[in-house]
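Structure file upload-v3.txt (compact mmCIF, C-alpha atoms) follows.
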# COMPACT_ATOMS: atom_id res chain seq x y z
CA MET G 1 3.83 15.07 -0.71
CA THR G 2 2.92 11.41 -0.24
CA ARG G 3 3.18 10.17 3.34
CA VAL G 4 4.43 6.60 3.72
CA LEU G 5 4.54 4.39 6.80
CA VAL G 6 6.82 1.35 6.84
CA ALA G 7 5.54 -0.86 9.66
CA GLY G 8 6.87 -4.20 10.78
CA ASP G 9 9.19 -6.20 12.98
CA SER G 10 12.89 -5.81 13.72
CA MET G 11 13.76 -6.52 10.08
CA VAL G 12 13.03 -2.84 9.34
CA LYS G 13 14.69 -1.46 12.48
CA TYR G 14 17.56 0.24 10.62
CA VAL G 15 15.70 1.05 7.41
CA GLU G 16 14.98 4.67 8.25
CA GLN G 17 18.60 5.67 8.84
CA ASN G 18 19.65 4.00 5.58
CA PHE G 19 17.13 5.65 3.26
CA PRO G 20 19.04 7.13 0.29
CA SER G 21 16.84 10.23 0.00
CA ARG G 22 13.67 11.82 1.33
CA ARG G 23 13.13 14.27 -1.49
CA GLY G 24 9.49 14.32 -2.54
CA LEU G 25 8.61 11.65 -0.02
CA SER G 26 7.70 11.67 3.67
CA VAL G 27 8.58 8.29 5.20
CA SER G 28 8.19 7.09 8.78
CA VAL G 29 9.26 3.69 10.12
CA ALA G 30 7.57 1.82 12.96
CA ALA G 31 9.69 -1.22 13.89
CA HIS G 32 8.50 -3.49 16.69
CA ARG G 33 10.88 -6.20 17.81
CA GLY G 34 9.40 -9.70 17.81
CA ILE G 35 6.01 -8.51 16.54
CA ARG G 36 3.75 -11.02 14.83
CA ILE G 37 1.14 -10.45 12.16
CA GLU G 38 -1.75 -10.59 14.59
CA HIS G 39 -0.28 -7.98 16.94
CA LEU G 40 0.90 -5.29 14.51
CA LEU G 41 -2.41 -3.48 14.02
CA SER G 42 -2.74 -2.50 17.67
CA MET G 43 0.70 -0.88 17.48
CA ILE G 44 -0.01 1.30 14.43
CA ALA G 45 -3.80 1.83 14.27
CA ASP G 46 -3.77 5.26 15.92
CA ASP G 47 -1.21 6.59 13.41
CA LEU G 48 -2.72 5.32 10.15
CA ALA G 49 -4.91 8.37 9.54
CA SER G 50 -1.76 10.44 8.96
CA PHE G 51 -0.52 8.42 5.97
CA ASP G 52 -1.33 7.77 2.32
CA VAL G 53 0.58 4.48 2.01
CA VAL G 54 1.49 1.74 4.48
CA ILE G 55 4.14 -0.84 3.64
CA VAL G 56 3.76 -3.85 5.93
CA ASN G 57 6.81 -6.01 6.62
CA VAL G 58 5.76 -8.67 9.10
CA GLY G 59 5.56 -12.46 9.23
CA THR G 60 9.14 -13.45 10.01
CA ASN G 61 8.13 -14.29 13.58
CA ASN G 62 5.09 -16.34 12.54
CA THR G 63 7.02 -19.60 12.30
CA VAL G 64 4.28 -21.83 13.73
CA GLY G 65 0.99 -22.54 12.01
CA SER G 66 -0.30 -23.38 8.57
CA VAL G 67 -0.37 -21.14 5.53
CA ASN G 68 -4.12 -20.72 5.99
CA MET G 69 -3.63 -19.59 9.59
CA CYS G 70 -1.08 -16.99 8.49
CA MET G 71 -3.35 -15.77 5.72
CA ASP G 72 -6.27 -15.37 8.10
CA LYS G 73 -4.04 -13.12 10.21
CA TYR G 74 -2.90 -11.14 7.15
CA ARG G 75 -6.51 -10.64 6.07
CA GLN G 76 -7.53 -9.44 9.52
CA LEU G 77 -4.56 -7.07 9.57
CA ALA G 78 -5.44 -5.67 6.14
CA GLN G 79 -9.10 -5.28 7.11
CA GLY G 80 -8.15 -3.46 10.29
CA ILE G 81 -5.86 -1.11 8.37
CA ILE G 82 -8.58 -0.25 5.84
CA GLU G 83 -11.13 0.30 8.60
CA SER G 84 -8.71 2.69 10.32
CA ASN G 85 -8.12 4.64 7.11
CA PRO G 86 -10.26 3.70 4.07
CA THR G 87 -8.18 5.87 1.70
CA LEU G 88 -4.89 4.20 2.62
CA HIS G 89 -3.03 2.19 -0.03
CA VAL G 90 -1.75 -1.07 1.46
CA ALA G 91 1.43 -2.83 0.35
CA PHE G 92 2.83 -6.05 1.79
CA SER G 93 6.52 -6.84 1.68
CA ALA G 94 7.11 -10.57 1.25
CA ILE G 95 8.71 -12.53 4.10
CA LEU G 96 12.43 -12.71 3.45
CA PRO G 97 14.13 -16.13 3.69
CA ARG G 98 16.34 -17.17 6.57
CA GLY G 99 19.84 -18.58 6.69
CA GLN G 100 21.48 -20.90 9.16
CA ASN G 101 22.15 -19.48 12.62
CA ARG G 102 25.91 -19.53 13.04
CA TYR G 103 25.57 -18.93 16.76
CA SER G 104 23.61 -22.13 17.32
CA GLU G 105 24.95 -25.63 16.78
CA ARG G 106 21.52 -27.14 17.36
CA GLU G 107 19.87 -25.59 14.32
CA GLN G 108 19.96 -27.93 11.36
CA LEU G 109 20.07 -26.83 7.75
CA SER G 110 17.02 -29.00 7.10
CA ASP G 111 15.07 -26.93 9.66
CA VAL G 112 16.01 -23.72 7.84
CA CYS G 113 15.00 -25.19 4.49
CA HIS G 114 11.66 -26.33 5.93
CA LEU G 115 10.99 -22.86 7.34
CA ASN G 116 11.89 -21.18 4.05
CA ASP G 117 9.51 -23.52 2.23
CA HIS G 118 6.81 -22.35 4.64
CA TYR G 119 7.68 -18.71 3.96
CA ARG G 120 7.60 -19.37 0.22
CA ASN G 121 4.10 -20.83 0.42
CA VAL G 122 2.90 -17.95 2.60
CA ASN G 123 4.36 -15.43 0.16
CA ALA G 124 2.57 -17.09 -2.76
CA ALA G 125 -0.75 -16.97 -0.92
CA LEU G 126 -0.11 -13.38 0.16
CA ALA G 127 0.64 -12.34 -3.43
CA GLN G 128 -2.63 -13.91 -4.60
CA ASN G 129 -4.57 -12.15 -1.86
CA CYS G 130 -2.99 -8.81 -2.79
CA LEU G 131 -3.99 -9.36 -6.41
CA GLU G 132 -7.58 -10.09 -5.40
CA ARG G 133 -7.87 -7.18 -2.95
CA GLY G 134 -6.06 -4.51 -4.95
CA PHE G 135 -3.09 -4.34 -2.58
CA THR G 136 0.55 -4.27 -3.69
CA ILE G 137 2.97 -7.14 -3.11
CA LEU G 138 6.67 -6.31 -2.86
CA ASP G 139 8.54 -9.56 -3.45
CA SER G 140 11.37 -8.89 -5.88
CA LEU G 141 14.02 -8.95 -3.14
CA VAL G 142 13.34 -12.52 -1.98
CA ASP G 143 15.60 -14.44 -4.36
CA SER G 144 18.71 -12.34 -3.78
CA TRP G 145 18.25 -11.89 -0.03
CA PRO G 146 20.29 -14.79 1.48
CA GLY G 147 23.55 -12.96 0.71
CA PHE G 148 22.59 -10.06 2.99
CA LEU G 149 21.93 -11.93 6.24
CA SER G 150 23.82 -11.47 9.48
CA ARG G 151 25.31 -14.37 11.43
CA ASP G 152 22.04 -15.10 13.23
CA GLY G 153 20.49 -16.07 9.89
CA VAL G 154 17.45 -13.84 10.46
CA HIS G 155 18.32 -10.16 10.46
CA PRO G 156 20.10 -8.21 7.74
CA ASN G 157 23.78 -7.39 8.04
CA ARG G 158 25.04 -3.84 7.43
CA LEU G 159 24.89 -4.19 3.69
CA GLY G 160 21.54 -5.93 4.02
CA ASN G 161 20.09 -2.99 5.94
CA LYS G 162 21.15 -0.68 3.12
CA VAL G 163 19.82 -3.02 0.44
CA LEU G 164 16.47 -3.35 2.24
CA ALA G 165 16.27 0.42 2.75
CA ASP G 166 17.02 1.05 -0.94
CA PHE G 167 14.41 -1.52 -1.95
CA LEU G 168 11.66 -0.13 0.28
CA HIS G 169 12.51 3.45 -0.68
CA ARG G 170 12.34 2.60 -4.38
CA GLU G 171 9.00 0.85 -3.94
CA ALA G 172 7.67 3.73 -1.83
CA CYS G 173 8.62 6.18 -4.59
CA ALA G 174 6.88 4.01 -7.19
CA LEU G 175 3.73 3.84 -5.07
CA SER G 176 3.88 7.60 -4.51
CA THR G 177 4.11 8.23 -8.26
CA HIS G 178 1.19 5.88 -8.88
CA LEU G 179 -0.97 7.62 -6.29
CA GLU G 180 -0.12 11.09 -7.60
CA ARG G 181 -1.10 10.04 -11.12
CA ARG G 182 -4.33 8.60 -9.79
CA ARG G 183 -5.07 11.85 -7.93
CA ILE G 184 -4.42 13.88 -11.09
CA GLN G 185 -6.68 11.61 -13.14
CA LYS G 186 -9.42 11.88 -10.52
CA SER G 187 -9.13 15.67 -10.41
CA TYR G 188 -9.26 15.84 -14.21
CA LYS G 189 -12.37 13.65 -14.34
CA GLU G 190 -14.05 15.76 -11.67
CA PHE G 191 -13.13 18.92 -13.58
CA LYS G 192 -14.52 17.56 -16.86
CA ALA G 193 -17.69 16.40 -15.09
CA SER G 194 -18.11 19.86 -13.57
CA GLU G 195 -17.41 21.49 -16.93
CA TRP G 196 -20.00 19.27 -18.63
CA SER G 197 -22.53 19.99 -15.89
CA GLU G 198 -22.03 23.74 -16.34
CA TRP G 199 -22.35 23.44 -20.13
CA ALA G 200 -25.53 21.38 -19.76
CA ARG G 201 -26.97 23.94 -17.34
CA GLN G 202 -26.24 26.80 -19.74
CA GLU G 203 -27.61 24.83 -22.68
CA HIS G 204 -30.78 24.08 -20.74
CA PHE G 205 -31.11 27.78 -19.89
CA ALA G 206 -30.64 28.75 -23.55
CA ILE G 207 -33.28 26.27 -24.70
CA ASN G 208 -35.76 27.51 -22.10
CA LEU G 209 -35.05 31.10 -23.14
CA GLU G 210 -35.70 30.23 -26.78
CA VAL G 211 -38.96 28.47 -25.90
CA ASP G 212 -40.10 31.44 -23.80
CA PHE G 213 -39.27 33.80 -26.67
CA LEU G 214 -41.27 31.74 -29.18
CA HIS G 215 -44.17 31.61 -26.75
CA PHE G 216 -44.02 35.42 -26.40
CA VAL G 217 -43.98 35.87 -30.19
CA CYS G 218 -47.00 33.61 -30.58
CA MET G 219 -48.90 35.55 -27.93
CA GLN G 220 -48.11 38.84 -29.64
CA PHE G 221 -49.21 37.43 -33.00
CA ASN G 222 -52.51 36.25 -31.53
CA ILE G 223 -53.14 39.69 -30.06
CA LEU G 224 -52.56 41.34 -33.42
CA GLN G 225 -54.96 38.90 -35.08
CA GLN G 226 -57.79 39.85 -32.72
Let me see the structure of the file written as C-alpha cells.
Amino acid sequence: MTRVLVAGDSMVKYVEQNFPSRRGLSVSVAAHRGIRIEHLLSMIADDLASFDVVIVNVGTNNTVGSVNMCMDKYRQLAQGIIESNPTLHVAFSAILPRGQNRYSEREQLSDVCHLNDHYRNVNAALAQNCLERGFTILDSLVDSWPGFLSRDGVHPNRLGNKVLADFLHREACALSTHLERRRIQKSYKEFKASEWSEWARQEHFAINLEVDFLHFVCMQFNILQQ
C-alpha cells in the first residue's frame, strides 16, 4: 500500500477528515498554521522516511518577496525532502488564489488582484521546476477555486474543504497507481535480467563442458595413435 503525506499550511487543515475513501491508500496530513515554504522542512523531516509520496501545499503565506526568492525556497525545500528520503516522490500543489477579505474594509480588490498575479507567476515557475526535476505539479484546481473560499478570502469554506480533499485524494491515487506500475516494471526488468544471467551462466557451463569433452576425445585419440 502506498503511503502518502500531505504536508502544508492551514489550507489543508480539514483535508484528512474530508477524504472520500482510504481504500488502497494510506494518507497522513501534517497541517501547520501560518507555515511558510522555508519553515516546512523542519516540521516534517523526521517523518519523511515513512512515506512513498509527499504532496506539498505551501506558499500561501509567502506574500512578500519576488518569484525568484520563492523559487529558491521551493528548491531548498525539495532538496531537503530528497536528502531526507531519496526514494520519495515529490508533488507540489499550486498556490490557490485568494478572494477579498469580507471582514476587512481596508483590503482593496486591487491588492488581492496583485497578490493573485504574484501567485500565478510563482505557480508557473514552480511548474517549470517540477518539469525539470521530475516532480509532479498539481495545478488543475486553481481556475475553479475562487468559488470555494470562506469569508476571509484565504481559507476554504465547508464545500471548499471537501473539494480540496477530493482533489488531493484523486491526485494521491493517481500517483499511487503510477508508482505501483513503476515498481512492477522495475521488478519485471530485474527478473528478466536475473533470468538472462542464469541462462548465460548455464550456456557458459555447457560450452565449457563441450570444450572439455572435445579435449578429452583428442587426448584419447592421441594415446591410441601412439
Which residue is closest to Gly99 (chain G)? Choose from G:Tyr14, G:Trp145, G:Phe51, G:Phe167 and count all atoms listed in the file.
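Looking at the shortest contact to Gly99 (chain G), the residue is G:Trp145.
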Set out as a Markdown table a contact list for region 76-168 of chain G and region 37-46 of chain G with a cut-off of 7 Å, giving each residue of region 76-168 of chain G that qualifies its closest atom pair and distance in Å to one decimal, counting only C-alpha atoms, ordered by chain and rising residue number.
| residue | atom | partner | partner_atom | distance |
| --- | --- | --- | --- | --- |
| G:Leu77 | CA | G:Leu41 | CA | 6.1 |
| G:Gly80 | CA | G:Leu41 | CA | 6.8 |
| G:Ile81 | CA | G:Ala45 | CA | 6.9 |
| G:Ser84 | CA | G:Ala45 | CA | 6.4 |
Go through region 16-41 of chain G and flag each residue having an atom no more than 9 Å from region 152-165 of chain G; for those, report the closest pair of atoms plus their distance in Å to one decimal, using all atoms listed in the file, ordered by chain and rising number, as a tab-separated table.
residue	atom	partner	partner_atom	distance
G:Glu16	CA	G:Ala165	CA	7.1
G:Gln17	CA	G:Ala165	CA	8.4
G:Asn18	CA	G:Lys162	CA	5.5
G:Phe19	CA	G:Ala165	CA	5.3
G:Pro20	CA	G:Ala165	CA	7.7
Using only C-alpha atoms, which of the listed residues (G:Arg133, G:Lys73, G:Arg98, G:Arg3) sits closest to Ser176 (chain G)?
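Comparing G:Arg133, G:Lys73, G:Arg98, G:Arg3 against Ser176 (chain G), the winner is G:Arg3.
The neighbours of region 122-126 of chain G here are the residues that come within 10 Å of it, using only C-alpha atoms and leaving out any residue fewer than 3 positions away in the same chain; they are Gly59, Ser66, Val67, Asn68, Met69, Cys70, Met71, Tyr74, Arg75, Phe92, Ser93, Ala94, Ile95, Leu96, Asn116, Asp117, His118, Tyr119, Asn129, Cys130, Leu131, Glu132, Phe135, Thr136, Ile137, Leu138, Asp139 and Val142 of chain G.
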Could you pull the residues within 7 Å of Gly8 (chain G), counting all atoms listed in the file, minus those fewer than 3 positions along the same chain, as a list in words?
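Within the cut-off, the hits are Val12, Ala30, Ala31, His32, Val56, Asn57 and Val58 of chain G.
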Can you tell me, as a ChimeraX atom specification, which residues sit within 9 Å of (10.5, -8.7, 17.5) in the file's frame, using only C-alpha atoms?
/G:8-11,31-36,60-61
I'd like the neighbourhood of Leu109 (chain G) as a PyMOL selection string, where a residue qualifies if any of its atoms comes within 10 Å (using all atoms listed in the file), though same-chain residues fewer than 5 positions away should be ignored.
chain G and resi 99-101+114-115
Close residues, Val54 (chain G) itself excluded, 8 Å, only C-alpha atoms, min 5 positions apart in chain, as a ChimeraX atom specification
/G:4-7,48,88-91
Atom-to-atom span, CA of Arg106 (chain G) and CA of Asn121 (chain G), Å:
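Here the two named atoms are 25.1 Å from each other.
Coordinates place CA of Ser150 (chain G) at a distance of 10.6 Å from CA of Tyr103 (chain G).
Using only C-alpha atoms, the smallest distance between any of G:Leu175, G:Ile55, G:Lys13, G:Pro97 and Phe148 (chain G) comes from G:Pro97.
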Can you tell me how far CA of Arg181 (chain G) sits from CA of Asp52 (chain G), in Å to one decimal?
13.6 Å
Quick test: take region 118-130 of chain G, keep N, CA and C atoms, and write it as a PDB file, in the first residue's frame.
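So the final result, stored in selection-v9.pdb, reads:
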ATOM      1  N   HIS G 118       0.921  37.566  -8.413  1.00  0.00           N
ATOM      2  CA  HIS G 118       2.171  37.038  -7.847  1.00  0.00           C
ATOM      3  C   HIS G 118       2.092  35.520  -7.716  1.00  0.00           C
ATOM      4  N   TYR G 119       0.986  35.027  -7.178  1.00  0.00           N
ATOM      5  CA  TYR G 119       0.796  33.578  -7.054  1.00  0.00           C
ATOM      6  C   TYR G 119       0.864  32.897  -8.421  1.00  0.00           C
ATOM      7  N   ARG G 120       0.234  33.528  -9.407  1.00  0.00           N
ATOM      8  CA  ARG G 120       0.197  32.945 -10.753  1.00  0.00           C
ATOM      9  C   ARG G 120       1.614  32.803 -11.318  1.00  0.00           C
ATOM     10  N   ASN G 121       2.429  33.820 -11.114  1.00  0.00           N
ATOM     11  CA  ASN G 121       3.810  33.776 -11.606  1.00  0.00           C
ATOM     12  C   ASN G 121       4.635  32.733 -10.851  1.00  0.00           C
ATOM     13  N   VAL G 122       4.408  32.636  -9.552  1.00  0.00           N
ATOM     14  CA  VAL G 122       5.107  31.618  -8.759  1.00  0.00           C
ATOM     15  C   VAL G 122       4.701  30.220  -9.221  1.00  0.00           C
ATOM     16  N   ASN G 123       3.412  30.024  -9.451  1.00  0.00           N
ATOM     17  CA  ASN G 123       2.928  28.713  -9.901  1.00  0.00           C
ATOM     18  C   ASN G 123       3.535  28.317 -11.236  1.00  0.00           C
ATOM     19  N   ALA G 124       3.670  29.288 -12.145  1.00  0.00           N
ATOM     20  CA  ALA G 124       4.262  28.999 -13.453  1.00  0.00           C
ATOM     21  C   ALA G 124       5.723  28.573 -13.300  1.00  0.00           C
ATOM     22  N   ALA G 125       6.448  29.281 -12.449  1.00  0.00           N
ATOM     23  CA  ALA G 125       7.855  28.933 -12.208  1.00  0.00           C
ATOM     24  C   ALA G 125       7.969  27.588 -11.494  1.00  0.00           C
ATOM     25  N   LEU G 126       7.053  27.332 -10.578  1.00  0.00           N
ATOM     26  CA  LEU G 126       7.055  26.060  -9.849  1.00  0.00           C
ATOM     27  C   LEU G 126       6.772  24.897 -10.790  1.00  0.00           C
ATOM     28  N   ALA G 127       5.827  25.087 -11.708  1.00  0.00           N
ATOM     29  CA  ALA G 127       5.502  24.042 -12.682  1.00  0.00           C
ATOM     30  C   ALA G 127       6.706  23.728 -13.566  1.00  0.00           C
ATOM     31  N   GLN G 128       7.430  24.760 -13.974  1.00  0.00           N
ATOM     32  CA  GLN G 128       8.617  24.562 -14.805  1.00  0.00           C
ATOM     33  C   GLN G 128       9.701  23.819 -14.039  1.00  0.00           C
ATOM     34  N   ASN G 129       9.874  24.166 -12.778  1.00  0.00           N
ATOM     35  CA  ASN G 129      10.870  23.491 -11.946  1.00  0.00           C
ATOM     36  C   ASN G 129      10.515  22.020 -11.742  1.00  0.00           C
ATOM     37  N   CYS G 130       9.225  21.748 -11.545  1.00  0.00           N
ATOM     38  CA  CYS G 130       8.781  20.355 -11.388  1.00  0.00           C
ATOM     39  C   CYS G 130       9.065  19.549 -12.650  1.00  0.00           C
TER      40      CYS G 130
END
